[in-house]
Structure formats: C-alpha cells, structure tokens
$ cat query_33.txt   # compact mmCIF, C-alpha atoms
# COMPACT_ATOMS: atom_id res chain seq x y z
CA MET S 1 3.38 -27.31 6.71
CA ALA S 2 5.43 -29.83 4.85
CA SER S 3 7.71 -28.63 2.09
CA SER S 4 6.98 -31.73 0.02
CA GLY S 5 4.48 -29.83 -2.14
CA ALA S 6 1.55 -31.33 -0.23
CA GLU S 7 -1.56 -29.20 0.25
CA PRO S 8 -1.52 -27.24 3.52
CA GLN S 9 -3.68 -28.75 6.23
CA ILE S 10 -7.16 -27.20 6.33
CA LEU S 11 -8.07 -26.17 9.85
CA VAL S 12 -11.64 -25.56 10.97
CA GLN S 13 -13.02 -24.10 14.16
CA TYR S 14 -16.28 -25.84 15.01
CA LEU S 15 -18.96 -24.23 17.15
CA VAL S 16 -22.07 -25.94 18.49
CA LEU S 17 -24.81 -23.50 19.50
CA ARG S 18 -28.05 -24.27 21.32
CA LYS S 19 -30.98 -24.09 18.90
CA ASP S 20 -33.62 -23.99 21.66
CA LEU S 21 -32.42 -20.56 22.77
CA SER S 22 -33.89 -19.10 19.55
CA GLN S 23 -37.29 -20.66 20.27
CA ALA S 24 -40.01 -20.19 22.92
CA PRO S 25 -39.83 -20.02 25.87
CA PHE S 26 -36.36 -18.45 25.52
CA SER S 27 -36.79 -16.58 22.19
CA TRP S 28 -33.33 -15.01 22.27
CA PRO S 29 -32.76 -12.61 19.36
CA ALA S 30 -30.29 -13.60 16.63
CA GLY S 31 -27.77 -11.03 17.84
CA ALA S 32 -27.66 -12.59 21.31
CA LEU S 33 -27.01 -16.02 19.79
CA VAL S 34 -24.28 -14.66 17.54
CA ALA S 35 -22.69 -13.05 20.61
CA GLN S 36 -22.66 -16.40 22.42
CA ALA S 37 -20.86 -18.05 19.49
CA CYS S 38 -18.39 -15.15 19.33
CA HIS S 39 -17.67 -15.40 23.07
CA ALA S 40 -17.07 -19.15 22.86
CA ALA S 41 -14.90 -18.90 19.73
CA THR S 42 -12.77 -16.10 21.15
CA ALA S 43 -12.34 -17.90 24.47
CA ALA S 44 -11.32 -21.17 22.78
CA LEU S 45 -8.78 -19.38 20.59
CA HIS S 46 -7.38 -17.55 23.61
CA LEU S 47 -7.17 -20.65 25.82
CA HIS S 48 -5.38 -22.63 23.11
CA ARG S 49 -3.39 -19.76 21.57
CA ASP S 50 -0.09 -21.64 22.01
CA HIS S 51 -1.24 -24.76 20.14
CA PRO S 52 0.37 -25.04 16.68
CA HIS S 53 -3.02 -25.45 14.99
CA THR S 54 -4.33 -22.27 16.60
CA SER S 55 -1.19 -20.36 15.62
CA ALA S 56 -1.50 -21.56 12.03
CA TYR S 57 -5.23 -20.73 11.95
CA LEU S 58 -4.65 -17.20 13.23
CA GLY S 59 -1.64 -16.75 10.98
CA ASP S 60 -3.80 -16.73 7.85
CA LEU S 61 -6.76 -14.51 8.76
CA GLY S 62 -8.20 -14.46 5.26
CA ARG S 63 -8.64 -18.22 5.25
CA MET S 64 -10.19 -18.83 8.67
CA ARG S 65 -12.98 -21.42 8.48
CA LYS S 66 -15.72 -21.81 11.04
CA VAL S 67 -18.62 -24.24 10.99
CA VAL S 68 -21.60 -23.52 13.25
CA LEU S 69 -23.67 -26.54 14.21
CA GLU S 70 -26.78 -26.73 16.36
CA ALA S 71 -27.52 -28.70 19.51
CA PRO S 72 -31.22 -29.08 20.30
CA ASP S 73 -30.89 -28.20 24.00
CA GLU S 74 -28.64 -27.67 27.01
CA THR S 75 -28.53 -31.36 27.96
CA THR S 76 -27.21 -32.33 24.53
CA LEU S 77 -24.65 -29.52 24.61
CA LYS S 78 -23.36 -30.61 28.03
CA GLU S 79 -23.21 -34.26 26.90
CA LEU S 80 -21.08 -33.19 23.94
CA ALA S 81 -18.80 -31.24 26.29
CA GLU S 82 -18.37 -34.40 28.40
CA THR S 83 -17.55 -36.48 25.33
CA LEU S 84 -15.03 -33.94 24.09
CA GLN S 85 -13.42 -33.83 27.54
CA GLN S 86 -13.16 -37.64 27.67
CA LYS S 87 -11.60 -37.72 24.19
CA ASN S 88 -9.14 -34.90 25.01
CA ILE S 89 -10.59 -32.60 22.34
CA ASP S 90 -9.69 -29.01 23.24
CA HIS S 91 -12.82 -26.89 23.56
CA MET S 92 -14.60 -24.20 25.54
CA LEU S 93 -18.11 -24.59 26.92
CA TRP S 94 -19.38 -21.01 27.14
CA LEU S 95 -21.59 -20.25 30.15
CA GLU S 96 -23.61 -17.05 29.92
CA GLN S 97 -23.37 -15.09 33.15
CA PRO S 98 -24.81 -14.33 35.60
CA GLU S 99 -27.38 -17.03 34.82
CA ASN S 100 -24.70 -19.73 34.33
CA ILE S 101 -26.47 -21.03 31.21
CA ALA S 102 -24.48 -23.27 28.84
CA THR S 103 -24.99 -21.71 25.40
CA CYS S 104 -22.23 -22.76 23.02
CA ILE S 105 -19.19 -25.00 22.61
CA ALA S 106 -16.24 -23.88 20.53
CA LEU S 107 -13.38 -26.19 19.65
CA ARG S 108 -9.92 -24.85 19.00
CA PRO S 109 -9.03 -25.13 15.30
CA TYR S 110 -8.64 -28.76 14.21
CA PRO S 111 -8.17 -30.62 10.96
CA LYS S 112 -11.78 -31.65 10.39
CA GLU S 113 -10.96 -35.34 10.04
CA GLU S 114 -9.74 -35.32 13.67
CA VAL S 115 -13.09 -34.23 15.14
CA ASN S 116 -15.83 -35.08 12.60
CA GLN S 117 -16.73 -38.33 14.34
CA TYR S 118 -17.78 -36.45 17.49
CA LEU S 119 -19.83 -33.86 15.61
CA LYS S 120 -21.55 -35.83 12.85
CA LYS S 121 -24.90 -36.03 14.69
CA PHE S 122 -25.17 -32.23 14.73
CA ARG S 123 -26.50 -30.33 11.71
CA LEU S 124 -25.68 -26.86 10.46
CA PHE S 125 -27.29 -24.12 12.52
CA LYS S 126 -30.30 -22.58 10.76
$ encode --input "query_33.txt" --output "structure tokens"
Amino acid sequence: MASSGAEPQILVQYLVLRKDLSQAPFSWPAGALVAQACHAATAALHLHRDHPHTSAYLGDLGRMRKVVLEAPDETTLKELAETLQQKNIDHMLWLEQPENIATCIALRPYPKEEVNQYLKKFRLFK
C-alpha cells in the first residue's frame, strides 16, 4: 500500500461455479456446490500464498471479498480455464474426484480491474 494517502487496493477473489450441476440430470444439492467453491478457493489461495496480493488479502480477514459467478456447463468452464492460462491469470480449476469432473475455477485475489475483462460474460451465481 502506498503511503501517499491513496485508498488501499481492493482485492477480490473470483470464483466461477458450474450452474448445470444444480440442475437435472446432475441435481447436486446446494451444500455440494458450496463445497466445490470452497475447495477451489482454498486451493487457489494455497497455491498462490506467496503472491503479494494473496498475502494482503489474507492479512485483512474481515475485509475479504469474493464474487461467485456461474458458468452454464463444463465446456464453458474449461474454455475459461484455457483463456486464463493463456493470459497468465493465476487460478485453480477444481476437479472433483474420483470422477475427475471440472466443477469450479477460483482465481487468486486480484484487483478487479485486472481480471474483469475475462469474466464479464459470466453472471452472478443464483
């Protein structure tokens, strides 16, 4: 943080969760979906724990911000993972085991203006 009196940078951890898992034929319960998002978020924070943004995010637990977005299906989620990889955006694609099903992507904490362009086609998870 700059000591120039500027506002501290707002960091957000974005998650993108598959919406189709809550619908037939999958019909996963809400708790199972929440668990997938938790797994992905925890894994992303752990993998990128040494990044300054992650350290700052975890250093102020009362101000952590997460935004959960929805992807319509597995194909869309995997395409987003490819895009993030190509653009060097740190993330974790969570694969539920033992089925090896892609369920959620979690980014490490980022200033939202750095990643919004890659996520703007996704809406808030409902």
$ residues_around --input "query_33.txt" --residues "Leu124 in chain S" --least-positions-apart "2" --cutoff "7 Å" --atoms "all atoms listed in the file" --output "VMD selection string"
chain S and resid 68 to 70 122 126
$ residues_near_point --input "query_33.txt" --point "(-12.3, -21.3, 10.4)" --cutoff "9 Å" --atoms "only C-alpha atoms" --output "list in words"
Ile10, Leu11, Val12, Gln13, Tyr14, Tyr57, Leu61, Arg63, Met64, Arg65, Lys66, Val67 and Pro109 of chain S
$ atom_distance --input "query_33.txt" --atom1 "CA of Ala71 in chain S" --atom2 "CA of His48 in chain S"
23.2 Å
$ atom_distance --input "query_33.txt" --atom1 "CA of Pro72 in chain S" --atom2 "CA of Phe125 in chain S"
10.0 Å
$ atom_distance --input "query_33.txt" --atom1 "CA of Lys19 in chain S" --atom2 "CA of Asp90 in chain S"
22.3 Å
$ decode --input "query_33.txt" --residues "range 51-63 of chain S" --atoms "all heavy atoms" --output "PDB file, in the first residue's frame"
ATOM      1  N   HIS S  51       2.171 -14.903  -3.239  1.00  0.00           N
ATOM      2  CA  HIS S  51       1.959 -13.706  -4.064  1.00  0.00           C
ATOM      3  C   HIS S  51       1.576 -12.539  -3.152  1.00  0.00           C
ATOM      4  O   HIS S  51       0.801 -12.714  -2.203  1.00  0.00           O
ATOM      5  CB  HIS S  51       0.858 -13.959  -5.097  1.00  0.00           C
ATOM      6  CG  HIS S  51       0.792 -12.896  -6.134  1.00  0.00           C
ATOM      7  ND1 HIS S  51       0.208 -11.667  -5.896  1.00  0.00           N
ATOM      8  CD2 HIS S  51       1.254 -12.869  -7.404  1.00  0.00           C
ATOM      9  CE1 HIS S  51       0.311 -10.927  -6.974  1.00  0.00           C
ATOM     10  NE2 HIS S  51       0.941 -11.635  -7.906  1.00  0.00           N
ATOM     11  N   PRO S  52       2.092 -11.347  -3.406  1.00  0.00           N
ATOM     12  CA  PRO S  52       1.767 -10.195  -2.549  1.00  0.00           C
ATOM     13  C   PRO S  52       0.265  -9.901  -2.436  1.00  0.00           C
ATOM     14  O   PRO S  52      -0.207  -9.509  -1.366  1.00  0.00           O
ATOM     15  CB  PRO S  52       2.503  -9.027  -3.212  1.00  0.00           C
ATOM     16  CG  PRO S  52       3.582  -9.653  -4.021  1.00  0.00           C
ATOM     17  CD  PRO S  52       3.082 -11.010  -4.420  1.00  0.00           C
ATOM     18  N   HIS S  53      -0.486 -10.107  -3.507  1.00  0.00           N
ATOM     19  CA  HIS S  53      -1.935  -9.872  -3.427  1.00  0.00           C
ATOM     20  C   HIS S  53      -2.603 -10.864  -2.482  1.00  0.00           C
ATOM     21  O   HIS S  53      -3.495 -10.498  -1.716  1.00  0.00           O
ATOM     22  CB  HIS S  53      -2.586  -9.965  -4.804  1.00  0.00           C
ATOM     23  CG  HIS S  53      -2.312  -8.799  -5.692  1.00  0.00           C
ATOM     24  ND1 HIS S  53      -2.369  -8.889  -7.060  1.00  0.00           N
ATOM     25  CD2 HIS S  53      -1.969  -7.513  -5.424  1.00  0.00           C
ATOM     26  CE1 HIS S  53      -2.083  -7.718  -7.600  1.00  0.00           C
ATOM     27  NE2 HIS S  53      -1.835  -6.859  -6.611  1.00  0.00           N
ATOM     28  N   THR S  54      -2.173 -12.124  -2.540  1.00  0.00           N
ATOM     29  CA  THR S  54      -2.748 -13.130  -1.650  1.00  0.00           C
ATOM     30  C   THR S  54      -2.394 -12.820  -0.205  1.00  0.00           C
ATOM     31  O   THR S  54      -3.251 -12.904   0.692  1.00  0.00           O
ATOM     32  CB  THR S  54      -2.273 -14.548  -2.037  1.00  0.00           C
ATOM     33  OG1 THR S  54      -2.606 -14.790  -3.410  1.00  0.00           O
ATOM     34  CG2 THR S  54      -2.930 -15.616  -1.180  1.00  0.00           C
ATOM     35  N   SER S  55      -1.149 -12.444   0.043  1.00  0.00           N
ATOM     36  CA  SER S  55      -0.730 -12.084   1.406  1.00  0.00           C
ATOM     37  C   SER S  55      -1.546 -10.917   1.946  1.00  0.00           C
ATOM     38  O   SER S  55      -2.003 -10.942   3.094  1.00  0.00           O
ATOM     39  CB  SER S  55       0.756 -11.731   1.431  1.00  0.00           C
ATOM     40  OG  SER S  55       1.526 -12.846   1.073  1.00  0.00           O
ATOM     41  N   ALA S  56      -1.745  -9.907   1.114  1.00  0.00           N
ATOM     42  CA  ALA S  56      -2.531  -8.737   1.531  1.00  0.00           C
ATOM     43  C   ALA S  56      -3.984  -9.131   1.788  1.00  0.00           C
ATOM     44  O   ALA S  56      -4.597  -8.692   2.767  1.00  0.00           O
ATOM     45  CB  ALA S  56      -2.451  -7.638   0.475  1.00  0.00           C
ATOM     46  N   TYR S  57      -4.543  -9.969   0.930  1.00  0.00           N
ATOM     47  CA  TYR S  57      -5.935 -10.427   1.062  1.00  0.00           C
ATOM     48  C   TYR S  57      -6.134 -11.182   2.373  1.00  0.00           C
ATOM     49  O   TYR S  57      -7.093 -10.946   3.098  1.00  0.00           O
ATOM     50  CB  TYR S  57      -6.247 -11.320  -0.142  1.00  0.00           C
ATOM     51  CG  TYR S  57      -7.646 -11.849  -0.241  1.00  0.00           C
ATOM     52  CD1 TYR S  57      -8.675 -11.066  -0.749  1.00  0.00           C
ATOM     53  CD2 TYR S  57      -7.939 -13.154   0.122  1.00  0.00           C
ATOM     54  CE1 TYR S  57      -9.959 -11.563  -0.881  1.00  0.00           C
ATOM     55  CE2 TYR S  57      -9.221 -13.668  -0.006  1.00  0.00           C
ATOM     56  CZ  TYR S  57     -10.228 -12.867  -0.504  1.00  0.00           C
ATOM     57  OH  TYR S  57     -11.497 -13.374  -0.637  1.00  0.00           O
ATOM     58  N   LEU S  58      -5.197 -12.081   2.666  1.00  0.00           N
ATOM     59  CA  LEU S  58      -5.301 -12.887   3.878  1.00  0.00           C
ATOM     60  C   LEU S  58      -4.915 -12.105   5.126  1.00  0.00           C
ATOM     61  O   LEU S  58      -5.263 -12.495   6.237  1.00  0.00           O
ATOM     62  CB  LEU S  58      -4.420 -14.136   3.754  1.00  0.00           C
ATOM     63  CG  LEU S  58      -4.877 -15.148   2.701  1.00  0.00           C
ATOM     64  CD1 LEU S  58      -3.838 -16.243   2.542  1.00  0.00           C
ATOM     65  CD2 LEU S  58      -6.239 -15.717   3.047  1.00  0.00           C
ATOM     66  N   GLY S  59      -4.229 -10.993   4.944  1.00  0.00           N
ATOM     67  CA  GLY S  59      -3.804 -10.184   6.070  1.00  0.00           C
ATOM     68  C   GLY S  59      -4.906  -9.335   6.669  1.00  0.00           C
ATOM     69  O   GLY S  59      -4.721  -8.749   7.734  1.00  0.00           O
ATOM     70  N   ASP S  60      -6.043  -9.262   5.990  1.00  0.00           N
ATOM     71  CA  ASP S  60      -7.163  -8.457   6.484  1.00  0.00           C
ATOM     72  C   ASP S  60      -8.440  -9.296   6.375  1.00  0.00           C
ATOM     73  O   ASP S  60      -9.307  -9.046   5.529  1.00  0.00           O
ATOM     74  CB  ASP S  60      -7.272  -7.163   5.678  1.00  0.00           C
ATOM     75  CG  ASP S  60      -8.177  -6.133   6.334  1.00  0.00           C
ATOM     76  OD1 ASP S  60      -8.741  -6.417   7.416  1.00  0.00           O
ATOM     77  OD2 ASP S  60      -8.331  -5.047   5.765  1.00  0.00           O
ATOM     78  N   LEU S  61      -8.540 -10.309   7.228  1.00  0.00           N
ATOM     79  CA  LEU S  61      -9.616 -11.301   7.128  1.00  0.00           C
ATOM     80  C   LEU S  61     -11.020 -10.708   7.157  1.00  0.00           C
ATOM     81  O   LEU S  61     -11.920 -11.224   6.514  1.00  0.00           O
ATOM     82  CB  LEU S  61      -9.480 -12.339   8.246  1.00  0.00           C
ATOM     83  CG  LEU S  61      -8.239 -13.232   8.162  1.00  0.00           C
ATOM     84  CD1 LEU S  61      -8.192 -14.169   9.364  1.00  0.00           C
ATOM     85  CD2 LEU S  61      -8.209 -14.014   6.872  1.00  0.00           C
ATOM     86  N   GLY S  62     -11.201  -9.623   7.867  1.00  0.00           N
ATOM     87  CA  GLY S  62     -12.522  -9.018   7.949  1.00  0.00           C
ATOM     88  C   GLY S  62     -12.963  -8.304   6.694  1.00  0.00           C
ATOM     89  O   GLY S  62     -14.119  -7.900   6.580  1.00  0.00           O
ATOM     90  N   ARG S  63     -12.064  -8.148   5.750  1.00  0.00           N
ATOM     91  CA  ARG S  63     -12.401  -7.428   4.516  1.00  0.00           C
ATOM     92  C   ARG S  63     -12.236  -8.283   3.259  1.00  0.00           C
ATOM     93  O   ARG S  63     -12.173  -7.744   2.156  1.00  0.00           O
ATOM     94  CB  ARG S  63     -11.542  -6.174   4.398  1.00  0.00           C
ATOM     95  CG  ARG S  63     -11.852  -5.167   5.474  1.00  0.00           C
ATOM     96  CD  ARG S  63     -11.024  -3.915   5.249  1.00  0.00           C
ATOM     97  NE  ARG S  63     -11.300  -2.947   6.277  1.00  0.00           N
ATOM     98  CZ  ARG S  63     -12.126  -1.910   6.120  1.00  0.00           C
ATOM     99  NH1 ARG S  63     -12.739  -1.712   4.988  1.00  0.00           N
ATOM    100  NH2 ARG S  63     -12.321  -1.072   7.110  1.00  0.00           N
TER     101      ARG S  63
END
